[in-house]
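Engineer: This is structure.cif, which holds mmCIF, N, CA, C and O atoms:
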data_model
#
loop_
_atom_site.label_atom_id
_atom_site.label_comp_id
_atom_site.auth_asym_id
_atom_site.auth_seq_id
_atom_site.Cartn_x
_atom_site.Cartn_y
_atom_site.Cartn_z
N MET S 10 2.53 -18.15 6.43
CA MET S 10 1.94 -17.01 5.77
C MET S 10 2.86 -15.80 5.98
O MET S 10 3.47 -15.64 7.03
N ILE S 11 2.93 -14.95 4.95
CA ILE S 11 3.73 -13.72 5.02
C ILE S 11 2.78 -12.53 5.10
O ILE S 11 1.85 -12.42 4.30
N ARG S 12 3.01 -11.67 6.07
CA ARG S 12 2.27 -10.41 6.16
C ARG S 12 3.19 -9.31 5.64
O ARG S 12 4.34 -9.20 6.06
N HIS S 13 2.66 -8.51 4.75
CA HIS S 13 3.39 -7.42 4.08
C HIS S 13 2.72 -6.12 4.52
O HIS S 13 1.54 -5.92 4.27
N ILE S 14 3.48 -5.27 5.20
CA ILE S 14 2.95 -3.98 5.64
C ILE S 14 3.79 -2.89 5.00
O ILE S 14 5.03 -2.92 5.08
N VAL S 15 3.11 -1.94 4.37
CA VAL S 15 3.79 -0.83 3.73
C VAL S 15 3.15 0.46 4.23
O VAL S 15 1.94 0.61 4.18
N THR S 16 3.98 1.38 4.72
CA THR S 16 3.48 2.69 5.13
C THR S 16 3.89 3.72 4.09
O THR S 16 4.97 3.61 3.49
N PHE S 17 3.01 4.68 3.89
CA PHE S 17 3.23 5.72 2.90
C PHE S 17 3.06 7.09 3.53
O PHE S 17 2.03 7.35 4.17
N ARG S 18 4.04 7.93 3.37
CA ARG S 18 3.90 9.35 3.69
C ARG S 18 3.85 10.07 2.35
O ARG S 18 4.76 9.92 1.53
N LEU S 19 2.80 10.83 2.15
CA LEU S 19 2.60 11.51 0.87
C LEU S 19 3.27 12.88 0.88
O LEU S 19 3.52 13.44 1.94
N SER S 20 3.53 13.41 -0.30
CA SER S 20 4.33 14.64 -0.39
C SER S 20 3.50 15.92 -0.44
O SER S 20 4.07 17.01 -0.36
N ALA S 21 2.18 15.83 -0.57
CA ALA S 21 1.36 17.04 -0.63
C ALA S 21 1.52 17.85 0.66
O ALA S 21 1.71 17.29 1.75
N GLU S 22 1.44 19.16 0.55
CA GLU S 22 1.67 20.05 1.71
C GLU S 22 0.53 20.01 2.72
O GLU S 22 0.76 19.96 3.91
N SER S 23 -0.71 20.03 2.25
CA SER S 23 -1.83 20.12 3.19
C SER S 23 -2.33 18.75 3.62
O SER S 23 -2.31 17.79 2.83
N ALA S 24 -2.78 18.66 4.86
CA ALA S 24 -3.34 17.42 5.38
C ALA S 24 -4.56 17.01 4.58
O ALA S 24 -4.79 15.82 4.35
N GLU S 25 -5.34 17.98 4.13
CA GLU S 25 -6.53 17.68 3.35
C GLU S 25 -6.17 17.03 2.02
O GLU S 25 -6.79 16.05 1.60
N LYS S 26 -5.16 17.55 1.35
CA LYS S 26 -4.74 16.99 0.06
C LYS S 26 -4.15 15.59 0.26
O LYS S 26 -4.41 14.69 -0.53
N ARG S 27 -3.36 15.42 1.32
CA ARG S 27 -2.79 14.10 1.60
C ARG S 27 -3.90 13.09 1.88
O ARG S 27 -3.84 11.95 1.41
N ALA S 28 -4.93 13.49 2.62
CA ALA S 28 -6.05 12.59 2.91
C ALA S 28 -6.78 12.21 1.63
O ALA S 28 -7.16 11.04 1.43
N GLU S 29 -6.97 13.17 0.75
CA GLU S 29 -7.62 12.91 -0.54
C GLU S 29 -6.78 11.93 -1.37
O GLU S 29 -7.31 10.97 -1.94
N GLN S 30 -5.49 12.17 -1.43
CA GLN S 30 -4.60 11.30 -2.19
C GLN S 30 -4.52 9.90 -1.57
O GLN S 30 -4.47 8.90 -2.28
N ALA S 31 -4.50 9.84 -0.24
CA ALA S 31 -4.45 8.55 0.45
C ALA S 31 -5.71 7.73 0.15
O ALA S 31 -5.64 6.52 -0.06
N ALA S 32 -6.86 8.39 0.12
CA ALA S 32 -8.11 7.68 -0.20
C ALA S 32 -8.04 7.13 -1.62
O ALA S 32 -8.40 5.96 -1.87
N TRP S 33 -7.58 7.94 -2.56
CA TRP S 33 -7.46 7.49 -3.95
C TRP S 33 -6.47 6.33 -4.07
O TRP S 33 -6.77 5.31 -4.72
N ALA S 34 -5.31 6.46 -3.45
CA ALA S 34 -4.29 5.41 -3.53
C ALA S 34 -4.81 4.12 -2.89
O ALA S 34 -4.58 3.03 -3.42
N GLY S 35 -5.52 4.25 -1.78
CA GLY S 35 -6.10 3.07 -1.14
C GLY S 35 -7.08 2.36 -2.04
O GLY S 35 -7.11 1.12 -2.11
N GLU S 36 -7.89 3.12 -2.75
CA GLU S 36 -8.84 2.53 -3.70
C GLU S 36 -8.10 1.80 -4.82
O GLU S 36 -8.51 0.70 -5.22
N GLN S 37 -7.03 2.39 -5.30
CA GLN S 37 -6.24 1.75 -6.36
C GLN S 37 -5.64 0.43 -5.87
O GLN S 37 -5.68 -0.58 -6.58
N LEU S 38 -5.09 0.44 -4.67
CA LEU S 38 -4.48 -0.78 -4.13
C LEU S 38 -5.53 -1.84 -3.83
O LEU S 38 -5.32 -3.03 -4.12
N THR S 39 -6.67 -1.45 -3.31
CA THR S 39 -7.74 -2.40 -3.02
C THR S 39 -8.27 -3.03 -4.30
O THR S 39 -8.70 -4.19 -4.30
N SER S 40 -8.23 -2.28 -5.39
CA SER S 40 -8.72 -2.82 -6.67
C SER S 40 -7.90 -4.01 -7.15
O SER S 40 -8.33 -4.75 -8.05
N LEU S 41 -6.72 -4.24 -6.56
CA LEU S 41 -5.87 -5.35 -6.97
C LEU S 41 -6.36 -6.70 -6.47
O LEU S 41 -6.00 -7.74 -7.03
N VAL S 42 -7.17 -6.70 -5.43
CA VAL S 42 -7.57 -7.97 -4.80
C VAL S 42 -8.18 -8.95 -5.81
O VAL S 42 -7.74 -10.11 -5.87
N PRO S 43 -9.16 -8.56 -6.62
CA PRO S 43 -9.71 -9.54 -7.57
C PRO S 43 -8.80 -9.82 -8.77
O PRO S 43 -9.05 -10.77 -9.51
N LEU S 44 -7.76 -9.04 -8.94
CA LEU S 44 -6.89 -9.19 -10.11
C LEU S 44 -5.66 -10.06 -9.86
O LEU S 44 -5.07 -10.58 -10.80
N ILE S 45 -5.24 -10.16 -8.60
CA ILE S 45 -3.99 -10.86 -8.28
C ILE S 45 -4.32 -12.02 -7.32
O ILE S 45 -4.58 -11.80 -6.13
N PRO S 46 -4.31 -13.24 -7.83
CA PRO S 46 -4.75 -14.37 -7.01
C PRO S 46 -3.87 -14.67 -5.79
O PRO S 46 -4.33 -15.32 -4.85
N GLN S 47 -2.65 -14.18 -5.77
CA GLN S 47 -1.77 -14.44 -4.63
C GLN S 47 -2.19 -13.68 -3.37
O GLN S 47 -1.74 -14.01 -2.28
N ILE S 48 -3.02 -12.66 -3.50
CA ILE S 48 -3.45 -11.88 -2.34
C ILE S 48 -4.49 -12.68 -1.56
O ILE S 48 -5.57 -12.97 -2.08
N ILE S 49 -4.17 -13.02 -0.33
CA ILE S 49 -5.14 -13.70 0.54
C ILE S 49 -6.05 -12.66 1.19
O ILE S 49 -7.27 -12.84 1.25
N ALA S 50 -5.46 -11.59 1.68
CA ALA S 50 -6.22 -10.51 2.32
C ALA S 50 -5.44 -9.22 2.11
O ALA S 50 -4.21 -9.24 2.08
N LEU S 51 -6.18 -8.12 1.98
CA LEU S 51 -5.54 -6.82 1.82
C LEU S 51 -6.44 -5.76 2.43
O LEU S 51 -7.65 -5.76 2.18
N SER S 52 -5.86 -4.93 3.27
CA SER S 52 -6.62 -3.81 3.83
C SER S 52 -5.75 -2.56 3.81
O SER S 52 -4.52 -2.62 3.79
N ILE S 53 -6.45 -1.44 3.80
CA ILE S 53 -5.81 -0.13 3.82
C ILE S 53 -6.28 0.56 5.10
O ILE S 53 -7.47 0.55 5.41
N VAL S 54 -5.35 1.14 5.84
CA VAL S 54 -5.69 1.90 7.04
C VAL S 54 -5.14 3.32 6.88
O VAL S 54 -4.10 3.53 6.26
N HIS S 55 -5.89 4.27 7.41
CA HIS S 55 -5.52 5.68 7.29
C HIS S 55 -5.19 6.24 8.67
O HIS S 55 -5.87 5.92 9.65
N ASP S 56 -4.18 7.09 8.72
CA ASP S 56 -3.80 7.73 9.97
C ASP S 56 -4.90 8.69 10.42
O ASP S 56 -5.34 9.54 9.65
N VAL S 57 -5.37 8.54 11.64
CA VAL S 57 -6.45 9.40 12.15
C VAL S 57 -5.91 10.66 12.80
O VAL S 57 -6.65 11.63 12.99
N ARG S 58 -4.64 10.67 13.14
CA ARG S 58 -4.07 11.84 13.83
C ARG S 58 -3.62 12.92 12.87
O ARG S 58 -3.55 14.09 13.23
N LEU S 59 -3.26 12.53 11.65
CA LEU S 59 -2.75 13.48 10.64
C LEU S 59 -1.64 14.36 11.22
O LEU S 59 -1.58 15.55 10.99
N GLU S 60 -0.79 13.73 11.98
CA GLU S 60 0.30 14.44 12.66
C GLU S 60 1.56 14.40 11.79
O GLU S 60 1.85 13.39 11.15
N ALA S 61 2.27 15.50 11.79
CA ALA S 61 3.53 15.55 11.05
C ALA S 61 4.44 14.42 11.53
O ALA S 61 4.55 14.16 12.72
N GLY S 62 5.04 13.74 10.59
CA GLY S 62 5.92 12.63 10.94
C GLY S 62 5.24 11.28 10.85
O GLY S 62 5.91 10.26 10.73
N ASN S 63 3.91 11.24 10.95
CA ASN S 63 3.20 9.97 10.81
C ASN S 63 3.04 9.63 9.34
O ASN S 63 3.02 10.51 8.48
N ALA S 64 2.88 8.36 9.05
CA ALA S 64 2.51 7.94 7.71
C ALA S 64 1.07 8.37 7.47
O ALA S 64 0.28 8.47 8.41
N ASP S 65 0.72 8.60 6.22
CA ASP S 65 -0.64 8.99 5.88
C ASP S 65 -1.56 7.78 5.78
O ASP S 65 -2.74 7.85 6.15
N PHE S 66 -1.02 6.66 5.27
CA PHE S 66 -1.81 5.43 5.21
C PHE S 66 -0.87 4.24 5.12
O PHE S 66 0.33 4.39 4.89
N ALA S 67 -1.46 3.06 5.31
CA ALA S 67 -0.67 1.83 5.23
C ALA S 67 -1.47 0.75 4.52
O ALA S 67 -2.70 0.71 4.60
N LEU S 68 -0.75 -0.11 3.85
CA LEU S 68 -1.30 -1.31 3.25
C LEU S 68 -0.90 -2.48 4.13
O LEU S 68 0.27 -2.57 4.54
N ILE S 69 -1.83 -3.37 4.42
CA ILE S 69 -1.56 -4.59 5.17
C ILE S 69 -2.10 -5.74 4.33
O ILE S 69 -3.29 -5.78 4.02
N ALA S 70 -1.22 -6.64 3.91
CA ALA S 70 -1.66 -7.73 3.02
C ALA S 70 -1.01 -9.04 3.44
O ALA S 70 0.11 -9.06 3.96
N ASP S 71 -1.74 -10.12 3.19
CA ASP S 71 -1.27 -11.46 3.52
C ASP S 71 -1.11 -12.30 2.26
O ASP S 71 -1.95 -12.22 1.34
N TYR S 72 -0.05 -13.11 2.25
CA TYR S 72 0.28 -14.01 1.14
C TYR S 72 0.65 -15.37 1.71
O TYR S 72 1.17 -15.45 2.83
N ALA S 73 0.42 -16.41 0.95
CA ALA S 73 0.67 -17.77 1.45
C ALA S 73 2.13 -17.97 1.85
O ALA S 73 2.42 -18.60 2.87
N ASP S 74 3.04 -17.41 1.05
CA ASP S 74 4.47 -17.61 1.31
C ASP S 74 5.26 -16.53 0.57
O ASP S 74 4.68 -15.68 -0.11
N GLN S 75 6.57 -16.61 0.68
CA GLN S 75 7.43 -15.61 0.04
C GLN S 75 7.28 -15.63 -1.48
O GLN S 75 7.30 -14.60 -2.13
N ALA S 76 7.11 -16.82 -2.05
CA ALA S 76 6.94 -16.91 -3.50
C ALA S 76 5.68 -16.17 -3.96
O ALA S 76 5.69 -15.51 -5.00
N ALA S 77 4.61 -16.26 -3.18
CA ALA S 77 3.37 -15.56 -3.52
C ALA S 77 3.57 -14.04 -3.43
O ALA S 77 3.10 -13.29 -4.30
N LEU S 78 4.28 -13.57 -2.40
CA LEU S 78 4.58 -12.14 -2.29
C LEU S 78 5.45 -11.68 -3.45
O LEU S 78 5.20 -10.63 -4.05
N ASP S 79 6.44 -12.49 -3.81
CA ASP S 79 7.31 -12.14 -4.94
C ASP S 79 6.50 -12.04 -6.24
O ASP S 79 6.72 -11.14 -7.05
N ALA S 80 5.55 -12.95 -6.44
CA ALA S 80 4.71 -12.92 -7.64
C ALA S 80 3.84 -11.66 -7.65
O ALA S 80 3.65 -11.05 -8.70
N TYR S 81 3.32 -11.28 -6.50
CA TYR S 81 2.52 -10.06 -6.37
C TYR S 81 3.36 -8.84 -6.77
O TYR S 81 2.90 -7.97 -7.51
N GLN S 82 4.59 -8.77 -6.28
CA GLN S 82 5.44 -7.61 -6.52
C GLN S 82 5.66 -7.34 -8.01
O GLN S 82 5.75 -6.19 -8.43
N VAL S 83 5.76 -8.39 -8.81
CA VAL S 83 6.05 -8.21 -10.24
C VAL S 83 4.81 -8.35 -11.12
O VAL S 83 4.91 -8.23 -12.35
N HIS S 84 3.66 -8.60 -10.52
CA HIS S 84 2.43 -8.74 -11.30
C HIS S 84 2.17 -7.43 -12.05
O HIS S 84 2.30 -6.34 -11.50
N PRO S 85 1.81 -7.49 -13.33
CA PRO S 85 1.62 -6.27 -14.13
C PRO S 85 0.61 -5.29 -13.53
O PRO S 85 0.81 -4.07 -13.62
N ASP S 86 -0.45 -5.78 -12.90
CA ASP S 86 -1.43 -4.87 -12.30
C ASP S 86 -0.85 -4.16 -11.08
O ASP S 86 -1.11 -2.99 -10.85
N HIS S 87 -0.04 -4.87 -10.29
CA HIS S 87 0.62 -4.22 -9.15
C HIS S 87 1.61 -3.17 -9.64
O HIS S 87 1.68 -2.06 -9.10
N VAL S 88 2.38 -3.51 -10.66
CA VAL S 88 3.35 -2.56 -11.21
C VAL S 88 2.63 -1.31 -11.72
O VAL S 88 3.06 -0.18 -11.48
N ARG S 89 1.49 -1.50 -12.41
CA ARG S 89 0.72 -0.37 -12.93
C ARG S 89 0.22 0.53 -11.80
O ARG S 89 0.39 1.75 -11.83
N VAL S 90 -0.37 -0.08 -10.76
CA VAL S 90 -0.91 0.71 -9.65
C VAL S 90 0.20 1.38 -8.86
O VAL S 90 0.12 2.57 -8.54
N SER S 91 1.25 0.66 -8.55
CA SER S 91 2.34 1.27 -7.77
C SER S 91 2.99 2.41 -8.56
O SER S 91 3.39 3.42 -7.97
N SER S 92 3.07 2.27 -9.87
CA SER S 92 3.63 3.35 -10.69
C SER S 92 2.75 4.59 -10.67
O SER S 92 3.25 5.72 -10.72
N SER S 93 1.44 4.42 -10.55
CA SER S 93 0.53 5.57 -10.50
C SER S 93 0.56 6.26 -9.14
O SER S 93 0.30 7.46 -9.05
N ILE S 94 0.90 5.52 -8.10
CA ILE S 94 0.95 6.08 -6.75
C ILE S 94 2.30 6.73 -6.47
O ILE S 94 2.39 7.74 -5.76
N LYS S 95 3.35 6.19 -7.02
CA LYS S 95 4.72 6.62 -6.73
C LYS S 95 4.94 8.13 -6.80
O LYS S 95 5.61 8.69 -5.92
N PRO S 96 4.39 8.86 -7.77
CA PRO S 96 4.63 10.31 -7.82
C PRO S 96 4.07 11.08 -6.62
O PRO S 96 4.50 12.19 -6.35
N LEU S 97 3.13 10.48 -5.89
CA LEU S 97 2.53 11.15 -4.74
C LEU S 97 3.30 10.91 -3.44
O LEU S 97 3.06 11.58 -2.44
N VAL S 98 4.23 9.97 -3.45
CA VAL S 98 4.85 9.45 -2.23
C VAL S 98 6.15 10.17 -1.91
O VAL S 98 7.05 10.28 -2.76
N ALA S 99 6.26 10.62 -0.66
CA ALA S 99 7.52 11.18 -0.17
C ALA S 99 8.37 10.08 0.47
O ALA S 99 9.59 10.04 0.27
N THR S 100 7.72 9.20 1.23
CA THR S 100 8.43 8.13 1.93
C THR S 100 7.60 6.86 1.91
O THR S 100 6.39 6.90 2.16
N ARG S 101 8.25 5.75 1.62
CA ARG S 101 7.62 4.44 1.66
C ARG S 101 8.52 3.52 2.48
O ARG S 101 9.71 3.44 2.22
N LEU S 102 7.92 2.84 3.45
CA LEU S 102 8.64 1.85 4.26
C LEU S 102 7.84 0.57 4.29
O LEU S 102 6.60 0.60 4.37
N ALA S 103 8.53 -0.55 4.25
CA ALA S 103 7.84 -1.85 4.26
C ALA S 103 8.48 -2.78 5.27
O ALA S 103 9.67 -2.65 5.59
N VAL S 104 7.67 -3.71 5.75
CA VAL S 104 8.17 -4.81 6.57
C VAL S 104 7.37 -6.04 6.18
O VAL S 104 6.15 -5.96 5.98
N ASP S 105 8.07 -7.16 6.03
CA ASP S 105 7.45 -8.43 5.70
C ASP S 105 7.84 -9.42 6.81
O ASP S 105 9.01 -9.49 7.18
N PHE S 106 6.86 -10.16 7.33
CA PHE S 106 7.16 -11.09 8.41
C PHE S 106 6.21 -12.28 8.35
O PHE S 106 5.14 -12.22 7.74
N GLU S 107 6.61 -13.36 8.99
CA GLU S 107 5.79 -14.57 9.05
C GLU S 107 4.77 -14.46 10.16
O GLU S 107 5.08 -13.98 11.25
N VAL S 108 3.56 -14.91 9.86
CA VAL S 108 2.50 -14.96 10.87
C VAL S 108 2.00 -16.38 10.99
O VAL S 108 2.15 -17.18 10.12
#
Could you write out this file's structure as structure tokens?
Structural biologist:
Amino acid sequence: MIRHIVTFRLSAESAEKRAEQAAWAGEQLTSLVPLIPQIIALSIVHDVRLEAGNADFALIADYADQAALDAYQVHPDHVRVSSSIKPLVATRLAVDFEV
């Protein structure tokens, strides 16, 4: 199984605006679960410290294998959602590993 973790730091100036945007983006990403069969599990976590330098939120998702993750990446619904989130993002980092 492949675990895919993506952290997002949003570009809004205020912590309140970033929290609002993170909640919206998390809802958009969670909406993909019933649309993309390759997703085994997907959760969104939000930073509770809201400290400068921390990511605002992260996506944690599991896929059967690398081929399933690759299919997720190019799935039209993922492309649509990631395109809607991209303008809000200052920094995105990902790590994929076997579990």
Engineer: Select, from S:His87, S:Lys95, S:Lys26, S:Arg12, the residue with the minimum atom-to-atom distance to Val108 in chain S, counting only C-alpha atoms.
Structural biologist: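 Comparing S:His87, S:Lys95, S:Lys26, S:Arg12 against Val108 in chain S, the winner is S:Arg12.
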Engineer: Give me the residues within 8 Å of Val104 in chain S as a PyMOL selection string, counting only C-alpha atoms and dropping any in the same chain fewer than 6 places off.
Structural biologist: chain S and resi 13-15
Engineer: For a test of reading the model, state the distance in Å between atom O of Leu19 in chain S and CA of Leu44 in chain S, rounded to one decimal.
Structural biologist: 27.7 Å
Engineer: Using DSSP assignments from the backbone, pull out every residue in range 63-96 of chain S that falls under helix (DSSP H, G or I) and give it to me as a count of residues only.
Structural biologist: 21
Engineer: The residues within 5 Å of (4.4, -12.0, 9.3), using all atoms listed in the file and the coordinates of the file, should be reported as a PyMOL selection string; which are they?
Structural biologist: chain S and resi 10-12+105-108
Engineer: Please produce an output containing N, CA, C and O atoms for each residue in the selection, written as a short mmCIF file (atom, residue, chain, number, x, y, z; two decimals), keeping the file's coordinate frame.
Structural biologist:
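This went into out.cif:
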data_model
loop_
_atom_site.label_atom_id
_atom_site.label_comp_id
_atom_site.auth_asym_id
_atom_site.auth_seq_id
_atom_site.Cartn_x
_atom_site.Cartn_y
_atom_site.Cartn_z
N MET S 10 2.53 -18.15 6.43
CA MET S 10 1.94 -17.01 5.77
C MET S 10 2.86 -15.80 5.98
O MET S 10 3.47 -15.64 7.03
N ILE S 11 2.93 -14.95 4.95
CA ILE S 11 3.73 -13.72 5.02
C ILE S 11 2.78 -12.53 5.10
O ILE S 11 1.85 -12.42 4.30
N ARG S 12 3.01 -11.67 6.07
CA ARG S 12 2.27 -10.41 6.16
C ARG S 12 3.19 -9.31 5.64
O ARG S 12 4.34 -9.20 6.06
N ASP S 105 8.07 -7.16 6.03
CA ASP S 105 7.45 -8.43 5.70
C ASP S 105 7.84 -9.42 6.81
O ASP S 105 9.01 -9.49 7.18
N PHE S 106 6.86 -10.16 7.33
CA PHE S 106 7.16 -11.09 8.41
C PHE S 106 6.21 -12.28 8.35
O PHE S 106 5.14 -12.22 7.74
N GLU S 107 6.61 -13.36 8.99
CA GLU S 107 5.79 -14.57 9.05
C GLU S 107 4.77 -14.46 10.16
O GLU S 107 5.08 -13.98 11.25
N VAL S 108 3.56 -14.91 9.86
CA VAL S 108 2.50 -14.96 10.87
C VAL S 108 2.00 -16.38 10.99
O VAL S 108 2.15 -17.18 10.12
#
Engineer: Excluding Ile94 in chain S and residues on its chain fewer than 3 positions from it, collect all residues at most 8 Å away from it, counting all atoms listed in the file, and give them as a PyMOL selection string.
Structural biologist: chain S and resi 18-20+30+33-34+87-91+97-99
Engineer: I need the output of the PyMOL selection byres ((chain S and resi 50) around 4.5) for this file as a list in words; which residues are they?
Structural biologist: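 Selected by the PyMOL selection byres ((chain S and resi 50) around 4.5) in this file: Ile48, Ile49, Leu51, Ser52, Ile69, Ala70 and Asp71 of chain S.
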Engineer: Could you tell me how far CA of Ala21 in chain S sits from atom C of Ser40 in chain S, in Å to one decimal place?
Structural biologist: 23.9 Å
Engineer: Nearest to Glu29 in chain S among S:Ala73, S:Leu41, S:Asp65, S:Gln82, with distances taken over only C-alpha atoms: which residue is it?
Structural biologist: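 Checking each of S:Ala73, S:Leu41, S:Asp65, S:Gln82 against Glu29 in chain S, counting only C-alpha atoms, the winner is S:Asp65.
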Engineer: Which polymer residues have any atom within 8 Å of an atom of Ala32 in chain S, counting all atoms listed in the file, with same-chain residues fewer than 6 positions away left out, as a short mmCIF file (atom, residue, chain, number, x, y, z; two decimals) with N, CA, C and O atoms, in the coordinates of the input?
Structural biologist:
data_model
loop_
_atom_site.label_atom_id
_atom_site.label_comp_id
_atom_site.auth_asym_id
_atom_site.auth_seq_id
_atom_site.Cartn_x
_atom_site.Cartn_y
_atom_site.Cartn_z
N GLU S 25 -5.34 17.98 4.13
CA GLU S 25 -6.53 17.68 3.35
C GLU S 25 -6.17 17.03 2.02
O GLU S 25 -6.79 16.05 1.60
N LYS S 26 -5.16 17.55 1.35
CA LYS S 26 -4.74 16.99 0.06
C LYS S 26 -4.15 15.59 0.26
O LYS S 26 -4.41 14.69 -0.53
N LEU S 38 -5.09 0.44 -4.67
CA LEU S 38 -4.48 -0.78 -4.13
C LEU S 38 -5.53 -1.84 -3.83
O LEU S 38 -5.32 -3.03 -4.12
N THR S 39 -6.67 -1.45 -3.31
CA THR S 39 -7.74 -2.40 -3.02
C THR S 39 -8.27 -3.03 -4.30
O THR S 39 -8.70 -4.19 -4.30
N HIS S 55 -5.89 4.27 7.41
CA HIS S 55 -5.52 5.68 7.29
C HIS S 55 -5.19 6.24 8.67
O HIS S 55 -5.87 5.92 9.65
N ASP S 65 0.72 8.60 6.22
CA ASP S 65 -0.64 8.99 5.88
C ASP S 65 -1.56 7.78 5.78
O ASP S 65 -2.74 7.85 6.15
N PHE S 66 -1.02 6.66 5.27
CA PHE S 66 -1.81 5.43 5.21
C PHE S 66 -0.87 4.24 5.12
O PHE S 66 0.33 4.39 4.89
#
Engineer: Considering only C-alpha atoms, can you say which of S:Ile45, S:Asp56, S:Gly62, S:Ala31 comes closest to Pro85 in chain S?
Structural biologist: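 For Pro85 in chain S, the nearest of the candidates is S:Ile45.
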Engineer: Smallest atom-to-atom distance to Leu68 in chain S: which of S:Leu102, S:Gln47, S:Ala28, S:Asp86, using only N, CA, C and O atoms?
Structural biologist: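 Checking each of S:Leu102, S:Gln47, S:Ala28, S:Asp86 against Leu68 in chain S, counting only N, CA, C and O atoms, the winner is S:Leu102.
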Engineer: Enter the distance from atom O of Thr100 in chain S to atom O of Arg58 in chain S, in Å, rounded to one decimal.
Structural biologist: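 One can read the atom O of Thr100 in chain S to atom O of Arg58 in chain S distance as 16.5 Å.
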Engineer: Return as a ChimeraX atom specification the full set of residues in chain S whose backbone-based DSSP assignment is strand (DSSP E or B).
Structural biologist: /S:11-19,48-55,66-72,98-107
